[in-house]
Structure formats: structure tokens, C-alpha cells
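Novice: Can you keep this structure in mind? I'll have questions shortly.
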Amino acid sequence: MPSAFRIAPDVRYRVIDDEAVVVRQREGDVLVFNQVAARVIQLVGEGLSPQQIGDCAVDEFDAPEAMIREDVETFLDELESLNVVERLAPAGQDS
Amino acid sequence: MADAEFGSYFLANPGAFPETVEGEVWGDHRRLLDLPGGPFLITGLSASQADLMDREYASVITAVPPSSDDSHETVVLRVQPGFFREFDIEGWEYTLDLDSAPDRLRLATLHFAALVPWTSGATAGLWTSVEDAWFQGVIENYLRVMVAHRLLLRDGVLLHSAGAVIDGSAYLFIGASGAGKSTLARKALEAGAPVLSDDLNAVVDISIKPAVAQLPFTGELRDRATFDGTVPLRGIYVLKQGVSVDCEPLSRGKAAAAILATAPFINRGVENLDTLVATAASLAGRIQVARLTSAKDSPFEEIRRAVQGFQG
């Protein structure tokens, strides 16, 4: 099972309409994410696991389940590489 | 315990950064500045420091009332030149070390260090070794940071921007360094449009009716800014270099992001980020924000038509 994530301590975000505005204080920049990524960020902020985030996204977005789950994983990886979210435990371990 | 890196470029002994506001004042002069986010009471000034402030900030200096509970007080304290590290300023681009914590802000840069406690009613300390012309830079660079922080607590935000007044309304032009803010301000002046500032503008009353308040801090056009007072804000434009003049609306998210990216100083500490993000979102929801593409030689009249036409 993929490890859980949390919002990085130096990051603040706000969902405005369908976009997420993310401020990375350490990097000193501002990023804007689309609707699906915005929802993923919100759900990470609510403390949901990747599995739960995938479940929510499948319920909320009108697209094939496999594609949505793949998108969620891709977004989580991207958000981690951008230091927007942090992994709480090594991959492959429950957290 | 002082942070190991904070102030190391500017202070001879960063570890000795004062932990409380105390020391020897320069003198007994005081000045009250009516600036957005203020008023700001500056005490402990020498006669020459006070004279310098009178010359530079005549338009915003007001009488000090017997009780100025509403103001944020800063006492100017004397330190020896050796307090600061010597370095070659030839070609140096101004920077400022800023260390933000929930209970206080620390600053260190050329010729000054400051400790600003956020406790209500607490006096801030500004340590400097200069009282000559260098003091103008000290007080201005300090006040820029203070206005940015205090304004955010009072329904406003400071933005790196060029501001012009067209038909009684303010238009702010934002963008990265080199995007053309000063060029646009110069074109506005040449076309007879009053200019608020080509560097920093204070947006006030965001939740009521956003307006731009005059600041005595300007960039290249310092002596040519031609507008005093407060004027309703009509639009914010993100500058982009192109071949012709064109306006393109931004989504609220992208508009808020553009506003956030141009708010100086306060986005360097997490303590104020929530407020800053909320303020930018609020402003983006109340004011039309667009991307303005123009060429270097686009006449201001064409830009004026585009922004006014865009606003409808």
C-alpha cells in the first residue's frame, strides 16, 4: 500500500474556484494547479491516505476508475517532487 | 539563541543579535508617520535623523498626539559601526535578511538591524550606526517591511507594482523584475496620467472597496510620482512582453497567484502566509485581473484604451 502524505510545513494553499493556489515559502514561489490536483491537495490536507484520496476522486470525477487512480498517483508524485507534500513513511509500509 | 545563518552577511557577530529592545537612543526627537498599516511612531531620533525624515516624508508626517496608542512605535538605537560587517557595496544589489517567528521579526541589512516584537503595544528596536544621508535608506527600507506586515493585518496588501491613475481610477501593473513596470510608469507620466509609484503600492480596504493609498516609497521615478492620496482600484494587470497590445482575463486562481507573487517581504515567513493567501484571494475576487501584453514601444494611449476597454 502506498505511504501517506502530508502538506509540507512551509506550504500554504487555497482552492479558488477549481484551482489550487499553492505558496511554497522555502522556494519563494507560487504555483497554480488544476481541478484534479487541487482536490488531491485538499484531501492530503484533510489527512486522507492515497487509497482514500483515490476513492474520493473516483466518486467525484467522471472518468474511468483506472485512469483516475493513475492520475491521483501521478499528481501525488508530482506534488512530492515539488515539495508541496511530504511522504510520511517509506513506500510499501502502512502508516 | 540566534539562528546561525541569519544576519551573517551583515552583522559582525550574528550570534550577538539583541534579544530585547534596549540600548542607547540617538536623541529625543520623534516623528509620527501616517502610512498605510500605521501610523508609525519613530522615537529616539537625533536632530539630523529627524531633519532627514522631515525632508523625505513631509507629506506623511503628522503631529504626535499626547497619547498615540494606535501607533506602532519603533525606537532608534545607536550602535558602533563595528556592529556591522564591512563589505564592498560596489555593484551590490540590495538584500535584506529577514527572520520571521510567531512572536517577532528580525531584520538585518546594510547599516541596520531590527527586532520587531508582535506583542500588542510592544516597541520595536532599530539599531543603526548612521545618522547622515545613509539614514534615509535605513528608515525607508525598515518602513517598507513594516508597512508590508502591518498592512496585511489591516485589510490591505503591499504590492511590487507600477500604479497609474486613469480617469480617477487606479490601475496597478505587476510583473517580475524587468517586466516593464518602470517603463510603463514613465510612459504614463509622459502621457499626462498621474503615477502613484513605479515600485510599491499599498492596496487598502480590500474587503470594503479596494483602493490604492499613496506611499512615499518609489523606485526610479522617486521624484516624479505625481499623485498624493487614495484612489479607487479598478484593475490589476500582469505585464507580459509581446508585439502588440492585448488584454486576456485570468482565472481567480491565477489572479490570486499573481498577486501573491508580487507581495514583498511577507511571503518570506510562514507566519503570515495564511493571511496573505486569504487577502490575495479576496482581492482577486473583487478586482478584475488580466494579463496585459504590450511591446516596448506601445504608446500609453493604446495601453490605456486596452485596460479601460477590458474593464468595460
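Note on naming: chains are A, B, ... as they come in the C-alpha cells, residues start from 1 per chain, ligands start from 1 in the order shown.
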With a cut-off of 7 Å, could you pull out the residues of chain A touching chain B and give me the nearest pair of atoms for each, distance in Å to one decimal, using only C-alpha atoms, ordered by chain and ascending number, as JSON lines?
Specialist:
```
{"residue": "A:Asp10", "atom": "CA", "partner": "B:Val270", "partner_atom": "CA", "distance": 6.1}
{"residue": "A:Arg12", "atom": "CA", "partner": "B:Asp274", "partner_atom": "CA", "distance": 6.5}
{"residue": "A:Ile16", "atom": "CA", "partner": "B:Gly253", "partner_atom": "CA", "distance": 5.3}
{"residue": "A:Glu19", "atom": "CA", "partner": "B:Gly253", "partner_atom": "CA", "distance": 5.6}
{"residue": "A:Ala20", "atom": "CA", "partner": "B:Gly253", "partner_atom": "CA", "distance": 6.8}
{"residue": "A:Val21", "atom": "CA", "partner": "B:Gly253", "partner_atom": "CA", "distance": 6.0}
{"residue": "A:Gln25", "atom": "CA", "partner": "B:Arg268", "partner_atom": "CA", "distance": 6.0}
{"residue": "A:Gly28", "atom": "CA", "partner": "B:Arg268", "partner_atom": "CA", "distance": 6.8}
{"residue": "A:Asp29", "atom": "CA", "partner": "B:Ala261", "partner_atom": "CA", "distance": 6.5}
{"residue": "A:Val30", "atom": "CA", "partner": "B:Ala257", "partner_atom": "CA", "distance": 5.9}
{"residue": "A:Leu31", "atom": "CA", "partner": "B:Ala257", "partner_atom": "CA", "distance": 7.0}
{"residue": "A:Val32", "atom": "CA", "partner": "B:Lys254", "partner_atom": "CA", "distance": 6.5}
```
Novice: Excluding same-chain residues fewer than 3 positions from Val44 (chain A), what lies within 12 Å of it counting only C-alpha atoms, as a VMD selection string?
Specialist: chain A and resid 3 to 8 13 37 to 41 47 to 54 56 72 75 to 76 79 to 80 84 to 88
Novice: Identify which of the residues B:Gln311, B:Asn13, B:Ser207, B:Ser298 lies closest to Glu248 (chain B), counting only C-alpha atoms when measuring atom-to-atom distances.
Specialist: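 Closest candidate: B:Gln311.
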Novice: Got a sec to tell me which of region 102-198 of chain B DSSP assigns to alpha helix (DSSP H), as a VMD selection string?
Specialist: chain B and resid 134 to 152 181 to 190
Novice: Go through B:Pro39, B:Gly82, B:Pro117, B:Gly229 and flag the residue nearest Ala101 (chain B), using only C-alpha atoms for the distances.
Specialist: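 So, comparing all the options, the nearest one is B:Pro117.
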Novice: Could you pull out the strand (DSSP E or B) residues of chain A from DSSP and send them as a count of residues only?
Specialist: 23
Novice: Return the single residue from B:Val75, B:Leu158, B:Ala176, B:Met146 that is closest to Thr128 (chain B), with distances computed using only C-alpha atoms.
Specialist: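 So, comparing all the options, the nearest one is B:Val75.
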